[in-house]
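Novice: Here you go, one structure.
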Amino acid sequence: MEHIRNFCIIAHIDHGKSTLADRLIQACGAVDDRKFRDQILDSMDIERERGITIKSNTVTLEYTAADGEAYQLNLIDTPGHVDFSHEVRRSLMSCEGALLLVDASQGVEAQTVANLYLAMEYELELVPVINKIDLPAADIDRVSEEIDADLGLDPFEAIQCSAKNNIGVDGVLEAIVEKLPPPSGDPEAPLKALVFDAQYDKYRGVVMLVRVQDGVIRKGESIRLMYTGADHVVEEVGYLKLEKVATGTLETGSVGYVIAGIKTIQDINIGDTMTETERPAKEPIPGYREAKPVVYSSIYPMSSEDYGDLTKALDKLKLNDAALTFTKVSSAALGFGFRCGFLGLLHLDIVQERLEREFGMSLLLSAPTVQYDVTLTNGEEVVVDNPSFFPDAGDVERVEEPYIKASIMIPEKFLGAVMELCREQRGEKTQFDYLAVGRVEVTSEMPLAEVLFDFYDRLKTVTRGYGSFDYDALDYRATDIVKVDIMVNKERVDALSQLVHREKARSRAMHYCDKLSSTIPKHQFKIPIQGTIGGTIIARKTINAFRKDVTAKCYGGDITRKRKLLEKQKKGKQKMKMVGSVEIPQEAFIAVLKTEKEK
Amino acid sequence: MSSGGGAGLYLHVPFCSAVCPYCDFAVVPADASRSARYVQALLAELELLGEEELSFDTIYFGGGTPSALSRADLESILAAARRSLAVEADAWLALEANPEDVDAAALEGWRGLGVNMLSLGVQSFQEEELRFLGRRHSPAEGERAAREALAAGFDIVSADLIFGLPGQEPESLRDSIRRLAELDPQHVSCYQLTVHEGTPFHRRRQQGRLLELGESRQGELFELVHSELAAAGYSAYEVSNFAKTEDARSLHNQKYWDHSSYLGAGLAAHSFSGRRRWWNEPDLERYCSRLERGERPLAGSEELDSSELALEAVMLGLRRSRGLDLDRLRADYGLNLLERNAAIIEGYVEDGLAVMDGRLRLTPRGLAVADAVVRSLNLDPA
C-alpha cells in the first residue's frame with residue numbers, strides 16, 4: 001500500500017488536463033508511441049473534439065521513482081464541469097491527492113476554485129501545478145499570486161511544467177510520489193469498495209470502476225452492492241492500463257475494475273459501496289448522493305416516423321449514462337417524443353449531440369425548463385417540469401423555483417457589465433470580491449431558470465470570453481411564474497410553451513415571435529404569430545403572405561418537369577413540422593432557443 | 001369546327017431569326033439550309049407516326065417561329081400529317097407568328113391554310129421593354145400586325161404579353177394592356193417573365209446583372225393583369241390565358257390541361273396518351289440525322305402511375321378558372337381531396353384564394369400562388 005498513489009487532476013477547461021494526463025501516461029511507458037493518440041483517456045469522439053471529459057476514466061501507471069522504488073500510480077480522470085459534479089465527487093472520494101492544474105497565462109478560474117473546494121471537502125492533499133509555462137503570454141508571478149490569494153495554497157510548492165512540450169513532467173511525477181500520501185485501509189477488514197463509475201461494454205455488460213478501501217476483491221467471490229442489496233459473483237477483476245488487465249485480485253487501496261455479470265447500468269447505483277456477501281461491512285462508505293436531473297426538455301424526432309429509432313437510441317445512451325431520464329410525451333404539434341431530464345445544460349447538449357452524431361437522429365428540442373414546486377389553492381403540492389402540465393393560473397397558490405449560487409470570475413474591467421447582467425438575471429445578494437489585482441469574483445444567488453436560457457452566451461459576450469462561471473445548487477424560493485404560449489396562425493404550438501418569470505414574459509414572448517417570423521417561410525396566407533398568457537396576447541408578429549408562386553407557362557412540354565419539381569418540393573416539406581396549415585422548419589425550433597447577440 | 005373531343009397534334013418549328021434572351025424552348029437561329037433539312041426530317045417523322053390510332057381535331061404550329069416557314073413548307077407539313085394520321089377534316093388549326101412576319105401575303109397564305117387562331121408575339125407596347133426582351137419589332141409594328149391580322153378575318157387573333165420585367169412599373173404594364181385591349185383581339189396570353197436555367201437572362205442574373213422583380217411586386221402585377229383584362233371583357237380561363245368568349249379559347253392548349261391525348265412532332269416535342277408521356281430529341285443535328293436513318297427521334301418516355309397522374313390532374317386543374325372536378329378526381333384516382341384537406345381548403349376559401357362550388361376553383365389571387373396551393377395539399381388517397 002505504501003507504493004500506491006491514487007490521484008486526480010483538477011483543472012479549468014482548456015488548462016491542459018488531458019494533455020498532462022497523456023504525458024504522465026507516456027512517461028510511465030503505459031502505451032507505446034505507435035498506439036498513442038492525444039486525449040487518450042477520453043474515448044468518446046465528442047470528448048476528444050470538445051476537449052472535455054464527460055465520463056470518468058482511470059489508468060494504472062507503473063512508475064519507478066528517483067528513490068529507485070516502483071510505485072503504482074492510479075490516475076482517476078474526472079469531468080471538470082459542474083453538470084457532472086456528482087461524478088467529480090465520487091472520483092475525488094477515490095483519491096488521496098490531487099494535482100491542481102493552472103494555466104500560466106489564464107490563471108485561476110471559477111471551475112478551478114469550485115473543484116478546489118470539493119477537493120478540500122474530501123481532505124485531499126493538493127499539489128498546485130502551473131502548466132503552459134512556455135507560452136509567450138505566461139505570467140508565472142501573477143499566477144503564483146493567484147494560487148496564494150484565490151486558492152490559499154503555497155505557490156512555492158507549485159510545480160512548473162509544459163505538458164504540451166513535455167517540460168517538467170518528471171517533476172510532476174516525483175511530486176505525486178513525494179507529496180501525495182499513500183492510501184490507508186485495513187486489508188483484513190470486510191471488503192469496502194466505492195463504485196465510482198461504470199462503463200457499459202457491449203460484450204461484458206457493466207464494468208464497474210472501483211476503489212478498494214478495506215479488504216480485497218477476488219475473482220469468483222460473491223460481492224454485495226449495499227444500496228441495491230443485490231449479490232453478484234465477481235467474474236473478472238483487475239487494473240485498467242488503458243486496456244483491462246485481469247489480475248484475479250484487487251488489493252486494499254487499489255483502483256481497478258470489476259465485472260460481475262451485471263447487464264445494465266440501471267442495475268447499479270454509481271456511488272454504491274461494494275462489500276462481501278459472506279461478511280458484509282457494517283456501514284457503506286458515506287457521501288452517496290443520487291444524481292438527480294435539474295433540467296428538463298422534450299426531444300422529438302424531426303420526422304415522426306423516426307420515433308422508434310429515437311426510442312432505441314435513448315435506450316442505448318442510457319446504458320452508459322445513468323443520470324439521463326426520459327419518459328414518453330406526446331405533443332399536438334410534434335407528435336411523440338420524450339421528456340428528458342438532464343444534470344445541466346452541458347449534459348443536455350451532449351445527449352443531443354450524441355443522439356445526432358452517434359445515432360444519426362434529426363431532432364427538435366423544447367426550451368429547457370427547471371422543476372417548479374407548485375402549491376395549489378386546494379393545498380395539494382405538485383412538481384412541474386413540463387409547461388404542458390402547469391396548472392391553470394386560478395388554481396395556483398404559490399410557486400417555488402430552484403436557486404443557485406453563481407460564481408463568476410472576471411477581469412476587473414467587466415465588473416459593471418457582469419453586475420448588471422446578474423441584476424437582469426434576477427440575481428439576489430450579488431456581491432464581489434477582489435481575488436488579486438485586477439481580478440474579481442462576483443457571486444450572486446439567481447434562479448437556475450435564468451441560467452438555462454441565455455446566461456452563458458450573454459456572459460461570454462459581456463466579458464468577451466474572459467469570464468468563467470460555475471454554480472452550486474441552493475434552495476427553492478417563491479417566484480411568480482407564468483406560462484407563455486405561442487400561437488402560430490391561431491394554433492397553440494405546445495412544444496413552444498414555456499414557464500417564465502412574469503417580468504420577463506413579454507420580452508421572451510417577443511423574442512419567440514421575432515425568431516419564428518424570421519425563420520418560418522412566407523406562406524400563401526398571412527400568418528399571425530402571438531405570444532399569450534392565459535389567452536391574453538402579450539406579443540405579436542405577422543408573416544406576410546407571399547403573392548406570387550405559379551409557373552407562367554404549362555403546356556405539353558412543361559408538364560413532366562413541373563410535376564417533378566412539385567414532387568421534389570413536396571418531399572422537402574416532410575422535413576417541416578405542420579402546425580395546422582403552417583410549415584415550420586426545424587431551424588425555427590432551434591432559433592427560438594438562441595438569443596440575439598448584444599447590440 | 002370540331003367539338004374538341006379528339007387528340008391534339010403539335011408541330012414544332014424551332015427556328016427564330018434571333019433567339020430571345022429569356023427563351024428556353026427548343027429554338028435555333030434560322031438558316032435556309034438547316035430549315036430545309038428540318039422540314040424534310042419533320043415530314044419523315046410524320047410518315048413514321050402512321051400507326052397512331054388517335055383521331056386529331058386540333059393542330060398547333062408552335063415554336064420558335066412558325067411564321068418564318070413558307071406557305072409551301074407549312075402546306076406540305078399539313079399534308080403529311082393528314083396522309084399519315086387521322087386528322088379530322090375540320091380540325092382546328094393554330095399558328096404562332098411574330099409581328100415582323102405579318103404582312104398581307106402571309107396573312108392570306110395562313111388564311112388559305114385554314115388557320116383558325118393566329119397567335120402574335122406582341123409581348124409589350126413599350127419600346128424599351130421590347131429592346132430588353134431582345135425582340136425585333138417596335139410597338140408600332142406590333143400594333144400594325146395585330147390590326148392587319150384582325151382585319152384578315154381569323155376566328156381568333158391572340159396576342160402574347162410578357163410582364164414582370166426587372167423594374168417594370170404597374171403603369172407601363174397597364175398601358176400595354178390597355179393598348180392591346182383597344183385593338184380588341186379575341187384572345188390574350190399574358191406570361192410572367194421567367195428566368196430559366198441555360199438562358200442568357202439566367203447567366204446575367206448569376207452575374208448580378210439582372211435583378212428580378214420582387215415576389216410581392218410580381219404578385220401585384222399578376223393581379224393587375226387579371227383585373228385590367230377582366231375590365232376589358234376578357235375572362236381568364238387559365239393562369240396566363242384570357243378570352244373574350246368561350247369560343248375564343250385555345251381549343252388545342254386546353255387538351256394539355258385535362259389529360260387529353262396529344263401527339264408532338266418536331267424537335268423536343270412532347271406527346272401524351274393514356275398513362276404514357278414521351279418526348280423527342282432536343283438536339284437539332286441528332287433529331288435530323290436519326291430521321292434520315294429512318295429512326296423515330298425519341299429521347300425519353302415515362303409511364304405515369306396513379307399518384308403521378310393525380311398530382312398532374314390537381315396541378316393542371318387548379319390552373320384553370322373552371323377549377324378541379326372533385327368528383328372526377330375521386331372516381332379516377334380514389335382521391336377525396338376535400339376530406340383530406342378540409343382545414344387547408346377552408347382556410348383558402350376564407351382568405352379569398354379559392355371558391356368551393358362543387359368544384360375547387362382558385363380566384364385570381366389564388367391563381368397567383370397556385371403552385372404553393374398544390375404543394376400544400378395532401379394528395380394521398382384516403
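By order of appearance in the C-alpha cells: chains A, B, ..., then residues from 1 within every chain, and ligands from 1 in the order shown.
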Show me, as a PyMOL selection string, the residues that have an atom within 6 Å of stretch 162-175 of chain A when counting only C-alpha atoms, minus same-chain residues fewer than 2 positions from it.
Specialist: chain A and resi 19-20+131-133+177-179
Novice: What's around stretch 61-78 of chain A at 9 Å? Count only C-alpha atoms, leave out sequence neighbours fewer than 4 positions away in its own chain, and write the answer as JSON, numbers by chain.
Specialist: {"A": [2, 3, 4, 5, 6, 7, 8, 9, 10, 17, 18, 21, 24, 25, 27, 28, 29, 30, 41, 42, 53, 54, 55, 56, 57, 84, 87, 88, 89, 91, 92, 94, 95, 173, 174, 176, 177, 241, 254, 255, 256]}
Novice: Could you pull out the alpha helix (DSSP H) residues of stretch 330-457 of chain A, going by DSSP on the backbone, and write them as a PyMOL selection string?
Specialist: chain A and resi 345-358+415-424+448-450+456-457
Novice: Save the residues we just selected, C-alpha atoms, as a short mmCIF file (atom, residue, chain, number, x, y, z; two decimals), in the first residue's frame?
Specialist:
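Saved to again08.cif:
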```cif
data_model
loop_
_atom_site.label_atom_id
_atom_site.label_comp_id
_atom_site.auth_asym_id
_atom_site.auth_seq_id
_atom_site.Cartn_x
_atom_site.Cartn_y
_atom_site.Cartn_z
CA LEU A 345 -27.22 22.33 -19.92
CA LEU A 346 -23.93 20.74 -20.91
CA HIS A 347 -25.39 17.33 -20.22
CA LEU A 348 -28.38 18.20 -22.39
CA ASP A 349 -26.09 19.45 -25.10
CA ILE A 350 -24.04 16.30 -25.01
CA VAL A 351 -27.02 13.98 -25.11
CA GLN A 352 -28.42 15.90 -28.07
CA GLU A 353 -25.13 15.81 -29.89
CA ARG A 354 -24.62 12.11 -29.25
CA LEU A 355 -28.13 11.31 -30.48
CA GLU A 356 -27.45 13.28 -33.62
CA ARG A 357 -23.94 12.02 -34.30
CA GLU A 358 -23.87 8.50 -33.00
CA LEU A 415 -17.31 44.16 -13.24
CA GLY A 416 -20.00 46.71 -14.10
CA ALA A 417 -21.29 44.71 -17.03
CA VAL A 418 -21.41 41.49 -15.04
CA MET A 419 -23.16 43.10 -12.06
CA GLU A 420 -25.74 44.43 -14.50
CA LEU A 421 -26.09 41.03 -16.11
CA CYS A 422 -26.71 39.43 -12.72
CA ARG A 423 -29.37 42.02 -11.98
CA GLU A 424 -31.08 41.29 -15.27
CA LEU A 448 -31.44 28.32 -12.19
CA ALA A 449 -34.00 29.02 -14.89
CA GLU A 450 -32.20 32.25 -15.76
CA TYR A 456 -23.73 31.60 -20.94
CA ASP A 457 -23.96 33.43 -24.24
#
```
Novice: For stretch 300-309 of chain B, work out the shell of residues within 8 Å, counting only C-alpha atoms and skipping chain neighbours fewer than 2 positions away, then give it as a ChimeraX atom specification.
Specialist: /A:563 /B:275-280,298,311-313,333,379-380
Novice: Per residue of chain B within 9 Å of chain A, record the nearest atom pair and its distance in Å to one decimal, counting only C-alpha atoms, with rows in chain order and ascending residue number, as a Markdown table.
Specialist:
```
| residue | atom | partner | partner_atom | distance |
| --- | --- | --- | --- | --- |
| B:Tyr10 | CA | A:Gly556 | CA | 8.8 |
| B:Cys190 | CA | A:Ala552 | CA | 8.4 |
| B:Tyr191 | CA | A:Ala552 | CA | 5.4 |
| B:Gln192 | CA | A:Ala552 | CA | 5.6 |
| B:Leu193 | CA | A:Ala552 | CA | 7.7 |
| B:Thr194 | CA | A:Ala552 | CA | 7.3 |
| B:Glu215 | CA | A:Lys548 | CA | 5.9 |
| B:Ser216 | CA | A:Arg547 | CA | 5.6 |
| B:Arg217 | CA | A:Arg547 | CA | 8.3 |
| B:Gln218 | CA | A:Lys548 | CA | 6.2 |
| B:Gly219 | CA | A:Lys548 | CA | 4.6 |
| B:Glu220 | CA | A:Arg547 | CA | 7.5 |
| B:Phe222 | CA | A:Lys548 | CA | 7.7 |
| B:Val239 | CA | A:Ala552 | CA | 7.1 |
| B:Ser240 | CA | A:Ala552 | CA | 6.3 |
| B:Asn253 | CA | A:Tyr555 | CA | 6.9 |
| B:Gln254 | CA | A:Tyr555 | CA | 8.9 |
| B:Lys255 | CA | A:Gly556 | CA | 8.8 |
| B:Tyr256 | CA | A:Gly556 | CA | 5.6 |
| B:Trp257 | CA | A:Tyr555 | CA | 7.8 |
| B:Tyr262 | CA | A:Gly556 | CA | 8.0 |
| B:Gly264 | CA | A:Gly556 | CA | 8.4 |
| B:Ala268 | CA | A:Gly557 | CA | 8.0 |
| B:Ala269 | CA | A:Gly557 | CA | 6.6 |
| B:His270 | CA | A:Gly557 | CA | 5.2 |
| B:Ser271 | CA | A:Gly556 | CA | 7.1 |
| B:Phe272 | CA | A:Gly556 | CA | 8.0 |
| B:Arg277 | CA | A:Thr560 | CA | 8.2 |
| B:Trp279 | CA | A:Gly557 | CA | 8.1 |
| B:Glu302 | CA | A:Thr560 | CA | 8.9 |
| B:Glu308 | CA | A:Arg563 | CA | 7.8 |
| B:Leu311 | CA | A:Arg563 | CA | 7.2 |
| B:Glu312 | CA | A:Arg563 | CA | 6.3 |
| B:Met315 | CA | A:Arg563 | CA | 7.8 |
| B:Leu316 | CA | A:Cys554 | CA | 8.1 |
| B:Arg319 | CA | A:Val550 | CA | 8.8 |
| B:Ala343 | CA | A:Ser581 | CA | 7.6 |
| B:Ile344 | CA | A:Ser581 | CA | 5.9 |
| B:Gly347 | CA | A:Ser581 | CA | 8.5 |
| B:Tyr348 | CA | A:Phe525 | CA | 7.9 |
| B:Asp351 | CA | A:Phe525 | CA | 7.1 |
| B:Leu353 | CA | A:Gln524 | CA | 8.7 |
| B:Arg365 | CA | A:Arg547 | CA | 7.4 |
| B:Gly366 | CA | A:Gln524 | CA | 8.4 |
| B:Leu367 | CA | A:Val550 | CA | 7.2 |
| B:Ala368 | CA | A:Lys548 | CA | 4.9 |
| B:Val369 | CA | A:Asp549 | CA | 4.2 |
| B:Ala370 | CA | A:Val550 | CA | 5.3 |
| B:Asp371 | CA | A:Val550 | CA | 4.9 |
| B:Ala372 | CA | A:Asp549 | CA | 6.2 |
| B:Val373 | CA | A:Gln524 | CA | 7.4 |
| B:Val374 | CA | A:Leu566 | CA | 8.0 |
| B:Arg375 | CA | A:Lys570 | CA | 5.8 |
| B:Ser376 | CA | A:Ser581 | CA | 7.6 |
```
Novice: List every residue of stretch 73-126 of chain B that DSSP, applied to the backbone of this structure, places in strand (DSSP E), and write the result as an NGL selection string.
Specialist: :B and (86-97 or 117-123)
Novice: Measuring atom to atom with only C-alpha atoms, identify which of A:Val207, A:Leu194, A:Met274, A:Ile217 is nearest to A:Gly229.
Specialist: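 Looking at the shortest contact to A:Gly229, the residue is A:Met274.
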Novice: Residues at most 6 Å from B:Thr65, counting only C-alpha atoms, excluding those fewer than 3 positions away in the same chain, as a PyMOL selection string?
Specialist: chain B and resi 15-16+68
Novice: To one decimal place in Å, what is the distance between atom CA of B:Lys244 and atom CA of B:Asp175?
Specialist: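 That distance, rounded to one decimal, is 19.3 Å.
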Novice: List the spatial neighbours of A:Thr443 as number ranges by chain - criterion: any atom at most 10 Å away, only C-alpha atoms, same-chain residues fewer than 4 positions off excluded.
Specialist: A: 405-409, 419, 422, 427-433, 469-471
Novice: Within 10 Å of B:Leu180, counting only C-alpha atoms, which residues qualify if same-chain residues fewer than 6 places away don't, as a VMD selection string?
Specialist: chain B and resid 122 124 to 125 142 to 143 146 159 to 161 174 188 229 232
Novice: Can those selected residues be exported to a file as a PDB file, in the first residue's frame so that it contains C-alpha atoms?
Specialist:
```
ATOM      1  CA  VAL B 122     -46.575  41.184 -79.352  1.00  0.00           C
ATOM      2  CA  SER B 124     -45.199  44.672 -74.968  1.00  0.00           C
ATOM      3  CA  PHE B 125     -46.087  48.089 -76.264  1.00  0.00           C
ATOM      4  CA  GLY B 142     -46.845  45.065 -83.032  1.00  0.00           C
ATOM      5  CA  GLU B 143     -49.909  47.247 -83.304  1.00  0.00           C
ATOM      6  CA  ALA B 146     -52.445  42.937 -84.753  1.00  0.00           C
ATOM      7  CA  ALA B 159     -51.714  38.454 -78.614  1.00  0.00           C
ATOM      8  CA  ASP B 160     -48.982  37.468 -76.151  1.00  0.00           C
ATOM      9  CA  LEU B 161     -47.745  39.864 -73.493  1.00  0.00           C
ATOM     10  CA  ARG B 174     -51.312  48.855 -67.596  1.00  0.00           C
ATOM     11  CA  VAL B 188     -54.763  37.278 -74.884  1.00  0.00           C
ATOM     12  CA  LEU B 229     -58.170  42.252 -68.638  1.00  0.00           C
ATOM     13  CA  ALA B 232     -61.699  44.938 -70.751  1.00  0.00           C
TER      14      ALA B 232
END
```
Novice: Write out as a PyMOL selection string the residues lying within 8 Å of A:Ala119, counting only C-alpha atoms and excluding same-chain residues fewer than 4 positions away.
Specialist: chain A and resi 92+98+115+123-124
Novice: With N, CA and C atoms retained, export the selected residues as a CSV table (one decimal), in the first residue's frame.
Specialist:
```
chain,number,residue,atom,x,y,z
A,92,LEU,N,-13.2,12.1,-6.6
A,92,LEU,CA,-12.4,12.7,-5.5
A,92,LEU,C,-12.4,11.8,-4.3
A,98,ALA,N,-4.6,15.4,-5.2
A,98,ALA,CA,-5.0,15.9,-6.5
A,98,ALA,C,-3.9,16.9,-7.0
A,115,ASN,N,-13.8,23.3,-7.9
A,115,ASN,CA,-13.3,21.9,-7.7
A,115,ASN,C,-12.3,21.9,-6.5
A,123,GLU,N,-10.8,16.3,1.9
A,123,GLU,CA,-9.5,16.3,2.6
A,123,GLU,C,-8.4,15.7,1.8
A,124,LEU,N,-8.4,16.1,0.5
A,124,LEU,CA,-7.3,15.6,-0.4
A,124,LEU,C,-6.1,16.5,-0.2
```
Novice: Expressed in Å to a single decimal, how great is the separation between atom CA of B:Ala81 and atom CA of B:Pro66?
Specialist: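 Result for atom CA of B:Ala81 versus atom CA of B:Pro66: 15.8 Å, one decimal.
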Novice: So how far away is atom CA of A:Val370 from atom CA of A:Pro387, in Å?
Specialist: 10.1 Å
